Each structure stands twice: as structure tokens, then as C-alpha cells.
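Heads up: the structure comes next, in C-alpha cells.
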Amino acid sequence: MFALSGYDAFLGFLLISAAVPILALVTNKLLAPQSSAGERELTYESGMEPIGGAWIQFNIRYYMFALVFVIFDVETVFLYPWAVAFHKLGLLAFIEALIFIAILVVALAYAWRKGALEWS
Amino acid sequence: MTIASSTQQICFLVLSAGIVIGSLGVVLLENIVYSAFLLGGVFMAVAGLYLLLNASFVAAAQVLVYVGAVNVLILFAIMLVNKKEDLKPIKGLQLRRLLSGGVCAGLLALLIRVDITTTWKLPGPQAIGEQATERIGEHLFTDYLLPFELASVLLLMAMIGAIVLARRDILTNDIGTGESVKPGLIEKANTPLLIDKSSP
């Protein structure tokens, strides 16, 4: 039994948004003249010429940004039910959420102090 | 207004087919980048299944954490791997395939048995729909408070561990034994953001 409301509109939206890229690519394939002469095969036809392969090694620093993002992503997931049930929970839950955020602010401060947030 | 049950059936079938085909693609495709993007698609389809099961919060968490974060991490890990290595033939491949096939067949038999013997239609509690998130919040801040606070400590530990591993702070002495560390372990302090392979 499906108990959530408003998801019929979501389904319609999903179908339309799925149709957009498919229609764009298919009409392009059908209507556009086919040619592979000159610069047509470049990644960016009117941009800069790409140098080397696309498969290059990136620095581990990018990975660190992703990890920091994951931490705060999970924090958001934890805080969302609190925000939804805020009126029912009262002051004690507010203090508990503050403790939760404070512990994660320590993590942020550590990342900041260690220079994990800098591009340098 | 909710979705009709026939529409639910169609959605379930499409999502399940997407999960099965996508997972097969994740395992079988040669290019690891395609696998990673397909994995994102599989996670999205799983989120759709959660929605069909009235678990809107779990679905949102799935999209946020798995598609938004974990899959990005996997893609970044692929970006860190530079080489397109030719895979060497593994010794005893037939035996390995036979063994893993046996294990998979056993698991499948077990799952089929569970599927047949379980009485699925139980008079469970009524689905509460939108109130579920609110209920999760109430439980999280009353009887699951300690796990909730411990989760933040766990996140703190994960963050610090990630930074220590990624930065590889220059420690000249091993913390445990006090011996000096091999110089190869110490990373250069200023590495460029893009490692250019063409320059010497």
C-alpha cells in the first residue's frame, strides 16, 4: 500500500525529465547533418584543443575534499529528522543537536587547521 | 492523491530490471568509469524502491549519501588511479570461477528457500507515510540519543583519519616503536594539484 502523497506529480516529473535528454539526443541524431571532417571529432568543437588523454592521475587532495563533503553530507542526513520534528522535541533535543554539531565543528576545525580546505 | 497500484507494479518492475541490468553492467563492463556511473544509477533505482516501500526519508538519505557522496568518492578513487593496466591471466581461473559459482549458487538457493518459506503477508503496522521522518526524529532524540551522538564522534574519527591518511604528515619517527620512518613514506609537502605525467 503506497501511503505517500504527491508522488504522482513526482512520477510525471521524472518521466518528463528522463525524456528530455533522450529527445535531445535522438532529434540531434535524426536532424543534424552527419560529418566528421575537420574539428568535428574534438571534445570541445569550438574550445581549446585538448592535450593528452583524458585518463590522467589526479592529486589525492581532491579525494580529501570529497571525504570532507561526505562527512557533512551524513551530518545533514542526521539533522534533517531533527528539523522536521523540531516543534515536538523541545529544548533538550535542541541542546543535543548543538552537541552533535559541536563535535562536527571540531572535525571542521581540525580540517581547517591541517589545511585540508586550502587549494594552495 | 496516491499512485495507483498498477502504476506501482510497473514502477517496481522497471526499477528492478534497472537494478539487475545496472549491477550486471557494473560487474561486467571493462571500463571502470562506466561501472562507477552505472553504480550511481543502481543506487538511484534502489532509492526508487525505497520510495515504493513508503520510506521517503531512507530514499532521500540514499540519494544524498550513496549517489551524492559515496559514488563521488568512488569516482575520485578512479581518478586517482592512473594506469590502464592490461590484466594478467590469473592462475587457476577455472577453479576460482567454479568455486565462486558454487558459493553464488548456494546463496541463490538459500534466498529462494527464504522466499518460498516466508509468509510475507503479515498484518504489520499501518504505513504512516509523511509522518515517518518526524517519527524518526522523535526516536533519534529520545531512545536512540546515544547512538546519535556516537555517530557524530564516528564522523569526527572518520574525518581525522581521512585527513591523516590523505595528508601523510611528516612523521620522522614511528609513533609505536620510535624507529625512524623510511624516507619513501614521507610525501613531498608541495605536490601540484594535477600530476602531469609528461613533465620529467
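Chain labels follow the order of the C-alpha cells: the first chain is A, the next B, and so on; residue numbering restarts at 1 in every chain, and ligands are counted from 1 in their shown order.
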
With chain A as the partner and 7 Å as the cut-off, tabulate the residues of chain B that qualify, each row holding the nearest pair of atoms and their distance in Å to one decimal, using only C-alpha atoms, sorted by chain and rising number, as a tab-separated table.
residue	atom	partner	partner_atom	distance
B:Met1	CA	A:Ser5	CA	5.6
B:Thr2	CA	A:Ser5	CA	5.1
B:Ile3	CA	A:Asp8	CA	5.6
B:Leu52	CA	A:Phe2	CA	6.7
B:Asn54	CA	A:Ala3	CA	6.1
B:Ala61	CA	A:Val77	CA	6.1
B:Leu64	CA	A:Asp73	CA	6.9
B:Val65	CA	A:Val74	CA	6.4
B:Ala69	CA	A:Val70	CA	5.2
B:Leu73	CA	A:Ala66	CA	6.1
B:Phe76	CA	A:Tyr63	CA	5.9
B:Met79	CA	A:Phe58	CA	5.8
B:Leu80	CA	A:Phe58	CA	5.0
B:Val81	CA	A:Gln57	CA	6.0
B:Asn82	CA	A:Gln57	CA	4.5
B:Ala127	CA	A:Ala3	CA	6.2
B:Ile128	CA	A:Ala3	CA	6.8
B:Gly129	CA	A:Leu4	CA	4.8
B:Glu130	CA	A:Leu4	CA	6.1
B:Thr133	CA	A:Pro81	CA	5.5
B:Glu134	CA	A:Ala85	CA	4.8
B:Ile136	CA	A:Pro81	CA	6.2
B:Gly137	CA	A:Pro81	CA	4.3
B:Glu138	CA	A:Ala85	CA	6.5
B:Phe141	CA	A:Ala93	CA	5.9
B:Glu149	CA	A:Phe100	CA	5.8
B:Ser152	CA	A:Phe100	CA	5.8
B:Val153	CA	A:Ile103	CA	6.7
B:Leu155	CA	A:Ile71	CA	6.1
B:Leu156	CA	A:Ala107	CA	5.2
B:Met159	CA	A:Ala107	CA	6.4
B:Ile160	CA	A:Ala107	CA	6.8
B:Ala162	CA	A:Leu67	CA	7.0
B:Ile163	CA	A:Met64	CA	6.7
B:Ala166	CA	A:Met64	CA	6.4
B:Leu193	CA	A:Asn59	CA	5.3
B:Leu194	CA	A:Phe58	CA	5.5
B:Ile195	CA	A:Phe58	CA	6.1

Query raised in the report: range 86-176 of chain B: which residues are alpha helix (DSSP H) by DSSP, as a PyMOL selection string?
Result: chain B and resi 93-117+131-141+145-167

Query raised in the report: At what distance in Å, to one decimal, does CA of Asn28 in chain A lie from CA of Val26 in chain B?
Result: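 CA of Asn28 in chain A lies 28.5 Å from CA of Val26 in chain B.
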
Query raised in the report: In Å, how far is it from CA of Gln9 in chain B to CA of Ile112 in chain B?
Result: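 Those two atoms sit 21.1 Å apart.
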
Requested in this report: Mind giving me the straight-line distance from CA of Gly92 in chain B to CA of Cys104 in chain B in Å, one decimal?
Outcome: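 Distance reported for this atom pair: 18.4 Å.
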
When you look at range 17-25 of chain B with a cut-off of 6 Å (counting only C-alpha atoms), what residues show up, excluding the ones that are within fewer than 3 positions of it in the same chain? I need them as a compact mmCIF listing (two decimals) with C-alpha atoms, in the first residue's frame.
# COMPACT_ATOMS: atom_id res chain seq x y z
CA VAL B 14 11.18 -1.05 -14.22
CA LEU B 28 30.91 -6.92 -16.44
CA LEU B 29 31.90 -3.68 -18.16
CA LEU B 38 26.20 2.70 -13.60
CA VAL B 42 21.74 1.43 -9.47
